[in-house]
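What follows is one structure encoded as structure tokens, with my remarks underneath.
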2 protein chains.
Amino acid sequence: MKKYRDIGFKLTPQRIAVLEYLENNKEHPSAETVYSNVSKKFPTMSFATVYNTLAALRDRGYLLELTIDADKRRYDPNIHPHHHLICKVCKKIIDIPTEYMLQIPEHLRGGFEITGNHIEFYGVCPECKQQRAT
Amino acid sequence: MKKYRDIGFKLTPQRIAVLEYLENNKEHPSAETVYSNVSKKFPTMSFATVYNTLAALRDRGYLLELTIDADKRRYDPNIHPHHHLICKVCKKIIDIPTEYMLQIPEHLRGGFEITGNHIEFYGVCPECKQQRAT
DNA sequence: GTTACTGCAAAGCTTTTGCATCCCT
DNA sequence: AGGGATGCAAAAGCTTTGCAGTAAC
């Protein structure tokens with residue numbers, strides 16, 4: 001936690017609760033999900049504080065904001081380069097920590113300076129596949 | 001246009017205007033952009049009709065709904081498999097029609113049935129790169 | 001004639017903002 | 001003490017919906 005304070009990130013009890021909830025979290029939660037979980041232990045917590053905290057962490061590079069879900073933004077505390085596998089039915093997201101070497105053919109690059117990439121794999125998870133078969 | 005009618009898609013003047021606007025459109029427009037362009041020639045056009053039409057085309061597989069932009073959904077009439085290169089500054093999106101062979105290691109697949117993938121390449125376009133230098 | 005689309009306005013969600021108060025450093 | 005965070009409520013965007021009227025098939 002010290003690293004946050006060191007860069008001038010003020011550690012309030014609310015922020016610590018959010019940080020603890022996110023730590024090692026693999027669910028790629030939405031702000032709403034973060035709010036409802038954190039406010040269990042912290043009833044006075046407000047939505048605005050969750051949004052502010054998530055935005056502050058994102059701006060400082062401690063949190064990725066995923067635009068995978070059209071309905072809401074989801075957050076990923078894993079900031080190491082990785083990709084995602086998404087269930088089209090239940091929107092579950094799992095991490096794919098594989099590195100792929102992807103080159104864009106020169107004639108398609110359009111003079112862009114490439115800084116990164118992100119692969120979304122789509123599919124149906126075992127649980128949803130079984131429910132469909134029913 | 002006949003193909004739409006053949007599957008029970010009712011062709012109204014408003015829908016034809018939307019279809020004509022989208023045809024060969026490479027700008028990946030948002031619903032707002034579609035609306036403002038189509039309503040130039042069709043002043044009585046309503047937002048709801050644009051949304052309904054886009055959703056109907058999407059549901060029938062004639063239009064891709066992109067979740068690349070966190071702020072709004074964008075639409076892509078190019079339904080052939082392809083990827084995207086996105087300018088992080090101005091959010092311009094250009095098509096990358098290259099095919100990449102991407103395999104997910106078995107132990108990471110989690111029993112998913114994989115149905116497809118989509119790569120987002122990130123970068124800065126020449127125009128934005130120049131403005132930054134200034 | 002049916003069925004389904006249009007247009008308008010209102011409502012629904014997610015996310016952002018203003019502002020007074022409070023508290024971490 | 002000072003700067004920044006909190007909490008509340010209101011507002012702002014984007015998208016969806018209900019419903020009466022209308023047009024495509």
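Numbering starts fresh at 1 for the residues of each chain in the structure tokens, the chains themselves are lettered A, B, ... in the order given, and ligands are numbered from 1 as they appear.
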Self-check item: chain B contacts to chain A at 7 Å (only C-alpha atoms) as a list in words
Solution: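 Result: Thr67, Ile68, Asp69, Ala70, Arg73, Ile96, Leu108, Gly111, Phe112, Glu113, Ile114, Thr115, Gly116, Asn117, His118, Ile119, Glu120, Phe121, Tyr122, Gly123, Val124, Cys125 and Pro126 of chain B.
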Self-check item: All strand (DSSP E) positions in stretch 2-124 of chain A, as a PyMOL selection string
Solution: chain A and resi 64-66+74-76+83-87+93-96+113-124
For chain B, list the residues within 8 Å of chain C, counting only C-alpha atoms (C1' of nucleotides), and write the list as a PDB file with C-alpha atoms, in the first residue's frame.
ATOM      1  CA  LYS B  10     -39.360  -4.108 -44.033  1.00  0.00           C
ATOM      2  CA  THR B  12     -39.033   1.993 -45.232  1.00  0.00           C
ATOM      3  CA  THR B  44     -38.340  14.145 -39.517  1.00  0.00           C
ATOM      4  CA  MET B  45     -36.121  11.165 -38.744  1.00  0.00           C
ATOM      5  CA  SER B  46     -36.121  10.330 -35.052  1.00  0.00           C
ATOM      6  CA  ALA B  48     -35.556   6.000 -31.923  1.00  0.00           C
ATOM      7  CA  THR B  49     -35.802   4.970 -35.553  1.00  0.00           C
TER       8      THR B  49
END
Closest-contact table, chain D side, partner chain A, 12 Å, counting only C-alpha atoms (C1' of nucleotides), as JSON lines:
{"residue": "D:DG3", "atom": "C1'", "partner": "A:Lys10", "partner_atom": "CA", "distance": 10.4}
{"residue": "D:DG4", "atom": "C1'", "partner": "A:Lys10", "partner_atom": "CA", "distance": 7.7}
{"residue": "D:DA5", "atom": "C1'", "partner": "A:Thr12", "partner_atom": "CA", "distance": 7.7}
{"residue": "D:DT6", "atom": "C1'", "partner": "A:Thr49", "partner_atom": "CA", "distance": 6.6}
{"residue": "D:DG7", "atom": "C1'", "partner": "A:Ser46", "partner_atom": "CA", "distance": 6.0}
{"residue": "D:DC8", "atom": "C1'", "partner": "A:Ser46", "partner_atom": "CA", "distance": 8.2}
{"residue": "D:DA9", "atom": "C1'", "partner": "A:Ala48", "partner_atom": "CA", "distance": 10.8}
{"residue": "D:DC14", "atom": "C1'", "partner": "A:Asp71", "partner_atom": "CA", "distance": 10.3}
{"residue": "D:DT15", "atom": "C1'", "partner": "A:Asp71", "partner_atom": "CA", "distance": 9.7}
Can you spit out the residues from that selection as a short mmCIF file (atom, residue, chain, number, x, y, z; two decimals), in the first residue's frame, using C-alpha atoms (C1' of nucleotides)?
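This went into result25.cif:
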data_model
loop_
_atom_site.label_atom_id
_atom_site.label_comp_id
_atom_site.auth_asym_id
_atom_site.auth_seq_id
_atom_site.Cartn_x
_atom_site.Cartn_y
_atom_site.Cartn_z
"C1'" DG D 3 -4.96 20.16 -0.08
"C1'" DG D 4 -7.44 16.66 -1.46
"C1'" DA D 5 -11.22 13.15 -0.63
"C1'" DT D 6 -16.01 12.15 0.83
"C1'" DG D 7 -20.97 12.08 0.49
"C1'" DC D 8 -25.18 13.62 -1.20
"C1'" DA D 9 -28.00 14.93 -4.73
"C1'" DC D 14 -26.32 7.42 -24.27
"C1'" DT D 15 -29.84 4.06 -25.07
#
List the spatial neighbours of A:Tyr62 as a short mmCIF file (atom, residue, chain, number, x, y, z; two decimals) with C-alpha atoms, in the first residue's frame - criterion: any atom at most 9 Å away, only C-alpha atoms (C1' of nucleotides), same-chain residues fewer than 2 positions off excluded.
data_model
loop_
_atom_site.label_atom_id
_atom_site.label_comp_id
_atom_site.auth_asym_id
_atom_site.auth_seq_id
_atom_site.Cartn_x
_atom_site.Cartn_y
_atom_site.Cartn_z
CA ALA A 56 -7.76 7.97 -9.92
CA LEU A 57 -6.27 4.47 -10.00
CA ARG A 58 -6.81 4.23 -13.73
CA ASP A 59 -5.16 7.61 -14.35
CA ARG A 60 -2.15 6.57 -12.32
CA LEU A 64 -7.18 -1.02 -16.53
CA PRO A 77 -6.37 -4.78 -11.48
CA ASN A 78 -4.02 -6.95 -13.52
CA ILE A 79 -1.87 -4.42 -15.31
#
Quiz item: Could you pull the residues within 6 Å of stretch 22-31 of chain A, counting only C-alpha atoms (C1' of nucleotides), minus those fewer than 6 positions along the same chain, as a VMD selection string?
Solution: chain A and resid 73 to 76
Kindly export the residues of the current selection with N, CA and C atoms, as a tab-separated table (two decimals), in the first residue's frame.
chain	number	residue	atom	x	y	z
A	73	ARG	N	-18.59	-0.12	-18.03
A	73	ARG	CA	-17.14	-0.29	-17.99
A	73	ARG	C	-16.77	-1.31	-16.93
A	74	ARG	N	-15.73	-2.06	-17.19
A	74	ARG	CA	-15.28	-3.03	-16.21
A	74	ARG	C	-13.82	-2.79	-15.92
A	75	TYR	N	-13.39	-3.18	-14.72
A	75	TYR	CA	-12.05	-2.83	-14.28
A	75	TYR	C	-11.20	-4.05	-14.01
A	76	ASP	N	-9.92	-3.92	-14.32
A	76	ASP	CA	-9.00	-5.05	-14.22
A	76	ASP	C	-7.74	-4.62	-13.48
Self-check item: Pairwise distance for atom CA of B:Val38 and atom CA of B:Leu54, rounded to one decimal in Å
Solution: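 Taking atom CA of B:Val38 and atom CA of B:Leu54, their separation equals 12.7 Å.
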Quiz item: Taking only C-alpha atoms into account, which of B:Pro81, B:Gly8, B:Gly61, B:Pro13 comes nearest B:Phe42?
Solution: B:Pro13
Quiz item: Mind checking DSSP for chain B and telling me the alpha helix (DSSP H) residues as a PyMOL selection string?
Solution: chain B and resi 2-6+13-22+31-41+47-59+106-109+126-133
Practice problem: Just give me the gap between atom CA of B:Val50 and atom CA of B:Lys91 in Å, one decimal is fine. | Solution: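 Going from atom CA of B:Val50 over to atom CA of B:Lys91, I get 22.2 Å.
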